[in-house]
Amino acid sequence: MQGSQVCGSDATKPFMNLASLLARAAQTTPDTPALALGYTVIATYAEHAEHSARLAGALTGIPELTPGDRVAIAMKNAPEYSEIMFGAWHAGLAAVPMNARLHPREFAYILENSGAKICFVSEDMAAGIADAAKDVPTLEHIVIAGSARYREMLSAEPVAIADVHADDLAWLFYTSGTTGRPKGAMLTHKNLRAMNDAYFANVDDIQSRDCVIHAAPYSHGSGLYMLPHVERGACQVVPASSGFDPDEIFDLLTVWKGSTFFFAPTMVTRLINAPGLAAADTSNLKTIVYGGAPMYAEDCLKALDLLGPKLVQIYGQGESPMTITALSRAVHMDRDHPHYHDRLASVGPAQKGVEVRIADEDDNDLPLGEIGEILVRGDVVMKGYWQNPEASAASLRGGWLHTGDMGALDGAGFLTLKDRSKDVIISGGSNVYPREVEEVLLRHNGVLECSVIGRPHPDWGEEIVAFVVPKAGADVREVELDALCLEHIARFKRPKAYRMIDALPKNNYGKVLKTDLRELAE
Ligand code: AMP
């Protein structure tokens, strides 16, 4: 297969193509809704599987496309997303979902780097992608989802599901790149099957007639969770707005039963602070899986109070999709446990099939409780970075994924994250973990969001600066924030300066851009 740098022992082992998840659901639950836009069912499972098999037929008929080739997707959330993903897998091709909010230059970079020969786009993005792709000679076809050409593809002769090997590329997942160029994490059919199995073991159960509502991008966690839902014949619902709007979500919940969402923590916070929540009936809300960035204990407790036992946390990264650890629904609700608050501030124990250890800079194991880099091993870990052997070798050295995240394990196997290694502040020779300070500042009733960073200082190396977003109309005073810090954490961890701002800079997946804050602070 093209682009392989890391050859595992599974390289030549035949493996079940992910497309067979859809084919099986179409056999067992043919008449069940599979895809919906807003309230409207667009396709049953039988129809979804037929569309994808025909699309695969059309893709197989394009002479330039050979097995393992990449199929790029530049689309806002839409029901066609799932048709295209499964169609690509069915044809033995790999999908390259791109975040719809990327900059044209970022699209051009990914299109060129992935070498995709075909790109599916939503109508509103067609002109932008055509423009971005002007200097990308490898891209030969741009197909607008829902267009006449797309419909023609859906009427091609269906083909049989392509044979794949365990290590064949299924999803080229470009990291969100909060610093530097994004890298393509190669996720194979085996990796995504491992993710799927872990979902059922550690995250949630799913029944046919349940649904996943994609209010977060298909190109990231929400799209990855397409797989367990398709396996169980549950419906994938795309909001009419194609994005996240609390009022629309409350509306959809009046219709769609057994609903699951994947949210970044900021989306959970926005949902529970939405004025519409008070009047909303959330009984159809089954599960919110959250992750991708820190969830502060205060926000989590508030969400549990307002929504009930509906939260599950996952910790993962593009390189180990959605699957390193999970904090179960049961742990969220075990309020009498002596370590409840510590557990709520953790990301839980390792998921099924995943080994986690904490290591020093030389990859030596550290004792329980000590903070070091989080290393991960298991079938879910990526095969390597696309066409980047140096980065692959560095990241996977010794057979362990080096996450770049710092954390500590307790005796029961619960992992607590301590920020990315590059976000740790070193002030006067002591390490300060921003999250610890942020947790304290959030105890203030008037604080909506905050982020803590280090600013260069001639004497101490770095000094601590807190960016604080007050809630609408709230009066947040520095002396109060300072008093909170004095009450809860060591004096040297107190911010030396506070900046009140209207909003924190975030990337397309809701992660706070600390690099931007560092520039602002200087
Ligand atoms: P991405 O590859 O875009 O999914 O980003 C992965 C990174 O997000 C991880 O390496 C962590 O730094 C962060 N992250 C993921 N899940 C969590 C979580 N539950 N809590 C805190 N940070 C998280």
# chains A, B, ... in the order shown; residues from 1 in each chain; ligands from 1
>>> select_by_dssp(residues="range 49-290 of chain A", states="strand (DSSP E)", output="ChimeraX atom specification")
/A:70-74,94-97,118-121,141-144,164-165,169-174,184-188,211-213,235-238,259-263,285-290
>>> closest_atom_pairs(of="chain A", to="ligand 1", cutoff="10 Å", atoms="only C-alpha atoms and all ligand atoms", output="tab-separated table")
residue	atom	partner	partner_atom_place_in_ligand_line	distance
A:Phe173	CA	ligand 1	2 (O)	8.5
A:Tyr174	CA	ligand 1	2 (O)	8.1
A:Thr175	CA	ligand 1	2 (O)	5.2
A:Ser176	CA	ligand 1	3 (O)	4.9
A:Gly177	CA	ligand 1	3 (O)	7.7
A:Thr178	CA	ligand 1	3 (O)	8.6
A:Pro182	CA	ligand 1	2 (O)	10.0
A:Lys183	CA	ligand 1	2 (O)	10.0
A:Ala185	CA	ligand 1	2 (O)	9.0
A:His220	CA	ligand 1	4 (O)	7.2
A:Gly221	CA	ligand 1	4 (O)	7.3
A:Ala264	CA	ligand 1	16 (N)	8.7
A:Pro265	CA	ligand 1	19 (N)	8.4
A:Val289	CA	ligand 1	19 (N)	9.6
A:Tyr290	CA	ligand 1	19 (N)	6.9
A:Gly291	CA	ligand 1	19 (N)	3.9
A:Gly292	CA	ligand 1	15 (C)	3.3
A:Ala293	CA	ligand 1	22 (N)	3.6
A:Pro294	CA	ligand 1	21 (C)	3.5
A:Met295	CA	ligand 1	20 (N)	6.1
A:Tyr296	CA	ligand 1	20 (N)	9.0
A:Val312	CA	ligand 1	19 (N)	9.7
A:Gln313	CA	ligand 1	19 (N)	5.9
A:Ile314	CA	ligand 1	19 (N)	5.0
A:Tyr315	CA	ligand 1	16 (N)	3.7
A:Gly316	CA	ligand 1	15 (C)	4.9
A:Gln317	CA	ligand 1	6 (C)	3.6
A:Gly318	CA	ligand 1	2 (O)	3.7
A:Glu319	CA	ligand 1	2 (O)	6.5
A:Ser320	CA	ligand 1	2 (O)	8.1
A:Pro321	CA	ligand 1	4 (O)	7.1
A:Met322	CA	ligand 1	4 (O)	7.2
A:Thr323	CA	ligand 1	16 (N)	9.1
A:Ile324	CA	ligand 1	16 (N)	8.7
A:Thr325	CA	ligand 1	19 (N)	8.2
A:Ala326	CA	ligand 1	19 (N)	7.9
A:Leu327	CA	ligand 1	19 (N)	8.7
A:Ala345	CA	ligand 1	20 (N)	9.1
A:Ser346	CA	ligand 1	20 (N)	8.0
A:Val347	CA	ligand 1	19 (N)	5.6
A:Gly348	CA	ligand 1	19 (N)	8.9
A:Ile374	CA	ligand 1	10 (O)	9.4
A:His402	CA	ligand 1	10 (O)	9.6
A:Thr403	CA	ligand 1	10 (O)	5.9
A:Gly404	CA	ligand 1	10 (O)	6.6
A:Asp405	CA	ligand 1	12 (O)	5.5
A:Met406	CA	ligand 1	12 (O)	8.5
A:Thr416	CA	ligand 1	20 (N)	8.7
A:Leu417	CA	ligand 1	21 (C)	6.4
A:Lys418	CA	ligand 1	21 (C)	8.4
A:Asp419	CA	ligand 1	12 (O)	6.6
A:Arg420	CA	ligand 1	12 (O)	5.6
A:Ser421	CA	ligand 1	12 (O)	9.1
A:Asp423	CA	ligand 1	12 (O)	10.0
A:Arg435	CA	ligand 1	21 (C)	9.5
A:Asn507	CA	ligand 1	3 (O)	9.7
A:Asn508	CA	ligand 1	3 (O)	9.5
A:Tyr509	CA	ligand 1	3 (O)	7.1
A:Gly510	CA	ligand 1	3 (O)	9.4
A:Lys511	CA	ligand 1	8 (O)	7.7
>>> residues_around(residues="range 128-144 of chain A", least_positions_apart="3", cutoff="7 Å", atoms="only C-alpha atoms", output="list in words")
Pro104, Arg105, Phe107, Ala108, Glu112, Gly115, Ala116, Lys117, Ile118, Cys119, Phe120, Val121, Ser122, Glu123, Met125, Ser147, Arg149 and Tyr150 of chain A
>>> select_by_dssp(residues="range 17-251 of chain A", states="alpha helix (DSSP H)", output="ChimeraX atom specification")
/A:19-28,45-60,80-90,104-114,126-132,148-153,189-198,221-224,226-231,246-251
>>> write_last_selection(atoms="C-alpha atoms", output="PDB file, in the first residue's frame")
ATOM      1  CA  ALA A  19     -17.688  -1.329   4.891  1.00  0.00           C
ATOM      2  CA  SER A  20     -19.034  -4.683   6.044  1.00  0.00           C
ATOM      3  CA  LEU A  21     -20.430  -2.997   9.183  1.00  0.00           C
ATOM      4  CA  LEU A  22     -22.887  -1.190   6.943  1.00  0.00           C
ATOM      5  CA  ALA A  23     -23.619  -4.251   4.811  1.00  0.00           C
ATOM      6  CA  ARG A  24     -24.455  -6.260   7.923  1.00  0.00           C
ATOM      7  CA  ALA A  25     -26.700  -3.546   9.360  1.00  0.00           C
ATOM      8  CA  ALA A  26     -28.515  -3.468   6.019  1.00  0.00           C
ATOM      9  CA  GLN A  27     -29.099  -7.222   6.357  1.00  0.00           C
ATOM     10  CA  THR A  28     -30.288  -7.209   9.944  1.00  0.00           C
ATOM     11  CA  TYR A  45     -30.151   1.002   6.130  1.00  0.00           C
ATOM     12  CA  ALA A  46     -30.984  -0.891   2.933  1.00  0.00           C
ATOM     13  CA  GLU A  47     -30.858   2.398   0.986  1.00  0.00           C
ATOM     14  CA  HIS A  48     -27.683   3.650   2.673  1.00  0.00           C
ATOM     15  CA  ALA A  49     -25.859   0.382   1.908  1.00  0.00           C
ATOM     16  CA  GLU A  50     -27.083   0.400  -1.679  1.00  0.00           C
ATOM     17  CA  HIS A  51     -25.953   4.013  -2.212  1.00  0.00           C
ATOM     18  CA  SER A  52     -22.502   3.262  -0.812  1.00  0.00           C
ATOM     19  CA  ALA A  53     -22.133   0.072  -2.895  1.00  0.00           C
ATOM     20  CA  ARG A  54     -23.089   1.986  -6.051  1.00  0.00           C
ATOM     21  CA  LEU A  55     -20.783   4.873  -5.162  1.00  0.00           C
ATOM     22  CA  ALA A  56     -18.029   2.270  -4.711  1.00  0.00           C
ATOM     23  CA  GLY A  57     -18.892   0.967  -8.173  1.00  0.00           C
ATOM     24  CA  ALA A  58     -18.509   4.467  -9.602  1.00  0.00           C
ATOM     25  CA  LEU A  59     -15.194   5.022  -7.765  1.00  0.00           C
ATOM     26  CA  THR A  60     -13.857   1.665  -8.941  1.00  0.00           C
ATOM     27  CA  GLU A  80     -23.870  12.195   2.224  1.00  0.00           C
ATOM     28  CA  TYR A  81     -20.794  12.147   4.470  1.00  0.00           C
ATOM     29  CA  SER A  82     -21.529   8.604   5.623  1.00  0.00           C
ATOM     30  CA  GLU A  83     -22.398   7.453   2.089  1.00  0.00           C
ATOM     31  CA  ILE A  84     -19.022   8.703   0.837  1.00  0.00           C
ATOM     32  CA  MET A  85     -16.979   7.278   3.712  1.00  0.00           C
ATOM     33  CA  PHE A  86     -18.551   3.825   3.390  1.00  0.00           C
ATOM     34  CA  GLY A  87     -18.422   4.047  -0.412  1.00  0.00           C
ATOM     35  CA  ALA A  88     -14.677   4.743  -0.277  1.00  0.00           C
ATOM     36  CA  TRP A  89     -14.015   1.828   2.112  1.00  0.00           C
ATOM     37  CA  HIS A  90     -16.260  -0.448   0.058  1.00  0.00           C
ATOM     38  CA  PRO A 104      -7.890  27.534   1.915  1.00  0.00           C
ATOM     39  CA  ARG A 105      -4.130  27.181   2.378  1.00  0.00           C
ATOM     40  CA  GLU A 106      -4.698  24.364   4.894  1.00  0.00           C
ATOM     41  CA  PHE A 107      -7.021  22.583   2.438  1.00  0.00           C
ATOM     42  CA  ALA A 108      -4.384  22.945  -0.273  1.00  0.00           C
ATOM     43  CA  TYR A 109      -1.720  21.552   2.051  1.00  0.00           C
ATOM     44  CA  ILE A 110      -3.770  18.472   3.001  1.00  0.00           C
ATOM     45  CA  LEU A 111      -4.898  17.832  -0.579  1.00  0.00           C
ATOM     46  CA  GLU A 112      -1.319  17.943  -1.750  1.00  0.00           C
ATOM     47  CA  ASN A 113       0.179  16.044   1.173  1.00  0.00           C
ATOM     48  CA  SER A 114      -2.393  13.233   1.003  1.00  0.00           C
ATOM     49  CA  ALA A 126     -16.977  23.883  -4.162  1.00  0.00           C
ATOM     50  CA  ALA A 127     -15.562  27.193  -5.428  1.00  0.00           C
ATOM     51  CA  GLY A 128     -13.185  27.559  -2.461  1.00  0.00           C
ATOM     52  CA  ILE A 129     -11.814  24.043  -2.874  1.00  0.00           C
ATOM     53  CA  ALA A 130     -11.451  24.436  -6.649  1.00  0.00           C
ATOM     54  CA  ASP A 131      -9.468  27.599  -5.960  1.00  0.00           C
ATOM     55  CA  ALA A 132      -7.358  25.999  -3.213  1.00  0.00           C
ATOM     56  CA  ALA A 148     -26.032  15.639 -10.955  1.00  0.00           C
ATOM     57  CA  ARG A 149     -22.612  13.935 -11.109  1.00  0.00           C
ATOM     58  CA  TYR A 150     -23.039  12.644  -7.573  1.00  0.00           C
ATOM     59  CA  ARG A 151     -26.494  11.267  -8.400  1.00  0.00           C
ATOM     60  CA  GLU A 152     -25.038   9.638 -11.474  1.00  0.00           C
ATOM     61  CA  MET A 153     -22.425   7.946  -9.286  1.00  0.00           C
ATOM     62  CA  HIS A 189      -9.149  -0.891   9.283  1.00  0.00           C
ATOM     63  CA  LYS A 190      -7.712  -2.675  12.327  1.00  0.00           C
ATOM     64  CA  ASN A 191      -7.287   0.574  14.295  1.00  0.00           C
ATOM     65  CA  LEU A 192     -10.884   1.614  13.738  1.00  0.00           C
ATOM     66  CA  ARG A 193     -12.246  -1.850  14.551  1.00  0.00           C
ATOM     67  CA  ALA A 194     -10.327  -1.665  17.828  1.00  0.00           C
ATOM     68  CA  MET A 195     -11.873   1.743  18.516  1.00  0.00           C
ATOM     69  CA  ASN A 196     -15.299   0.342  17.769  1.00  0.00           C
ATOM     70  CA  ASP A 197     -14.874  -2.631  20.103  1.00  0.00           C
ATOM     71  CA  ALA A 198     -13.647  -0.366  22.880  1.00  0.00           C
ATOM     72  CA  GLY A 221     -14.818  12.508  16.997  1.00  0.00           C
ATOM     73  CA  SER A 222     -18.458  12.680  15.956  1.00  0.00           C
ATOM     74  CA  GLY A 223     -17.630  11.123  12.585  1.00  0.00           C
ATOM     75  CA  LEU A 224     -15.533   8.396  14.191  1.00  0.00           C
ATOM     76  CA  MET A 226     -20.443   6.830  13.041  1.00  0.00           C
ATOM     77  CA  LEU A 227     -18.896   3.342  13.208  1.00  0.00           C
ATOM     78  CA  PRO A 228     -20.416   1.899  16.402  1.00  0.00           C
ATOM     79  CA  HIS A 229     -23.769   3.424  15.477  1.00  0.00           C
ATOM     80  CA  VAL A 230     -23.749   1.853  12.035  1.00  0.00           C
ATOM     81  CA  GLU A 231     -22.700  -1.487  13.520  1.00  0.00           C
ATOM     82  CA  PRO A 246     -28.288  24.456  21.622  1.00  0.00           C
ATOM     83  CA  ASP A 247     -31.855  25.458  20.687  1.00  0.00           C
ATOM     84  CA  GLU A 248     -31.782  23.265  17.599  1.00  0.00           C
ATOM     85  CA  ILE A 249     -30.490  20.398  19.728  1.00  0.00           C
ATOM     86  CA  PHE A 250     -33.327  20.821  22.242  1.00  0.00           C
ATOM     87  CA  ASP A 251     -35.699  20.789  19.293  1.00  0.00           C
TER      88      ASP A 251
END
>>> closest_residue(among="A:Trp171, A:His214, A:Ala497, A:Val356", to="Gly184 in chain A", atoms="only C-alpha atoms")
A:Trp171
>>> decode(residues="range 88-110 of chain A", atoms="N, CA, C and O atoms", output="mmCIF file, in the first residue's frame")
data_model
loop_
_atom_site.group_PDB
_atom_site.id
_atom_site.type_symbol
_atom_site.label_atom_id
_atom_site.label_comp_id
_atom_site.auth_asym_id
_atom_site.auth_seq_id
_atom_site.Cartn_x
_atom_site.Cartn_y
_atom_site.Cartn_z
ATOM 1 N N ALA A 88 -16.132 4.797 -0.085
ATOM 2 C CA ALA A 88 -14.677 4.743 -0.277
ATOM 3 C C ALA A 88 -14.125 3.428 0.287
ATOM 4 O O ALA A 88 -13.353 2.729 -0.375
ATOM 5 N N TRP A 89 -14.527 3.081 1.507
ATOM 6 C CA TRP A 89 -14.015 1.828 2.112
ATOM 7 C C TRP A 89 -14.445 0.620 1.283
ATOM 8 O O TRP A 89 -13.662 -0.299 1.057
ATOM 9 N N HIS A 90 -15.701 0.649 0.861
ATOM 10 C CA HIS A 90 -16.260 -0.448 0.058
ATOM 11 C C HIS A 90 -15.387 -0.688 -1.185
ATOM 12 O O HIS A 90 -15.147 -1.826 -1.587
ATOM 13 N N ALA A 91 -14.883 0.410 -1.742
ATOM 14 C CA ALA A 91 -14.057 0.312 -2.964
ATOM 15 C C ALA A 91 -12.584 0.056 -2.647
ATOM 16 O O ALA A 91 -11.755 0.034 -3.559
ATOM 17 N N GLY A 92 -12.235 -0.090 -1.359
ATOM 18 C CA GLY A 92 -10.832 -0.342 -1.000
ATOM 19 C C GLY A 92 -9.996 0.926 -0.990
ATOM 20 O O GLY A 92 -8.770 0.876 -1.090
ATOM 21 N N LEU A 93 -10.669 2.083 -0.862
ATOM 22 C CA LEU A 93 -9.961 3.370 -0.838
ATOM 23 C C LEU A 93 -9.945 3.907 0.596
ATOM 24 O O LEU A 93 -10.636 3.386 1.472
ATOM 25 N N ALA A 94 -9.150 4.951 0.813
ATOM 26 C CA ALA A 94 -9.057 5.528 2.158
ATOM 27 C C ALA A 94 -9.677 6.926 2.156
ATOM 28 O O ALA A 94 -9.535 7.669 1.181
ATOM 29 N N ALA A 95 -10.346 7.274 3.236
ATOM 30 C CA ALA A 95 -10.997 8.585 3.330
ATOM 31 C C ALA A 95 -10.066 9.591 4.005
ATOM 32 O O ALA A 95 -9.303 9.239 4.904
ATOM 33 N N VAL A 96 -10.157 10.849 3.543
ATOM 34 C CA VAL A 96 -9.399 11.940 4.167
ATOM 35 C C VAL A 96 -10.385 13.062 4.522
ATOM 36 O O VAL A 96 -10.519 14.044 3.787
ATOM 37 N N PRO A 97 -11.096 12.906 5.648
ATOM 38 C CA PRO A 97 -12.044 13.949 6.028
ATOM 39 C C PRO A 97 -11.296 15.199 6.496
ATOM 40 O O PRO A 97 -10.360 15.094 7.277
ATOM 41 N N MET A 98 -11.690 16.340 5.979
ATOM 42 C CA MET A 98 -11.026 17.596 6.383
ATOM 43 C C MET A 98 -12.046 18.489 7.082
ATOM 44 O O MET A 98 -13.209 18.539 6.675
ATOM 45 N N ASN A 99 -11.595 19.199 8.105
ATOM 46 C CA ASN A 99 -12.510 20.093 8.808
ATOM 47 C C ASN A 99 -12.999 21.179 7.857
ATOM 48 O O ASN A 99 -12.191 21.829 7.173
ATOM 49 N N ALA A 100 -14.314 21.373 7.804
ATOM 50 C CA ALA A 100 -14.899 22.301 6.835
ATOM 51 C C ALA A 100 -14.483 23.745 7.086
ATOM 52 O O ALA A 100 -14.637 24.595 6.208
ATOM 53 N N ARG A 101 -13.944 24.018 8.284
ATOM 54 C CA ARG A 101 -13.611 25.414 8.573
ATOM 55 C C ARG A 101 -12.131 25.721 8.382
ATOM 56 O O ARG A 101 -11.653 26.770 8.819
ATOM 57 N N LEU A 102 -11.416 24.844 7.729
ATOM 58 C CA LEU A 102 -9.991 25.117 7.506
ATOM 59 C C LEU A 102 -9.810 26.307 6.570
ATOM 60 O O LEU A 102 -10.703 26.663 5.795
ATOM 61 N N HIS A 103 -8.622 26.889 6.628
ATOM 62 C CA HIS A 103 -8.233 27.975 5.730
ATOM 63 C C HIS A 103 -7.922 27.363 4.358
ATOM 64 O O HIS A 103 -7.429 26.228 4.296
ATOM 65 N N PRO A 104 -8.199 28.096 3.241
ATOM 66 C CA PRO A 104 -7.890 27.534 1.915
ATOM 67 C C PRO A 104 -6.467 26.987 1.802
ATOM 68 O O PRO A 104 -6.235 25.960 1.176
ATOM 69 N N ARG A 105 -5.519 27.665 2.449
ATOM 70 C CA ARG A 105 -4.130 27.181 2.378
ATOM 71 C C ARG A 105 -3.975 25.830 3.082
ATOM 72 O O ARG A 105 -3.177 24.991 2.677
ATOM 73 N N GLU A 106 -4.761 25.642 4.170
ATOM 74 C CA GLU A 106 -4.698 24.364 4.894
ATOM 75 C C GLU A 106 -5.314 23.249 4.048
ATOM 76 O O GLU A 106 -4.809 22.133 4.002
ATOM 77 N N PHE A 107 -6.427 23.577 3.353
ATOM 78 C CA PHE A 107 -7.021 22.583 2.438
ATOM 79 C C PHE A 107 -5.987 22.196 1.384
ATOM 80 O O PHE A 107 -5.784 21.019 1.101
ATOM 81 N N ALA A 108 -5.353 23.213 0.797
ATOM 82 C CA ALA A 108 -4.384 22.945 -0.273
ATOM 83 C C ALA A 108 -3.264 22.055 0.252
ATOM 84 O O ALA A 108 -2.850 21.103 -0.411
ATOM 85 N N TYR A 109 -2.809 22.352 1.480
ATOM 86 C CA TYR A 109 -1.720 21.552 2.051
ATOM 87 C C TYR A 109 -2.142 20.081 2.201
ATOM 88 O O TYR A 109 -1.420 19.159 1.803
ATOM 89 N N ILE A 110 -3.326 19.859 2.753
ATOM 90 C CA ILE A 110 -3.770 18.472 3.001
ATOM 91 C C ILE A 110 -4.033 17.750 1.679
ATOM 92 O O ILE A 110 -3.675 16.586 1.512
#
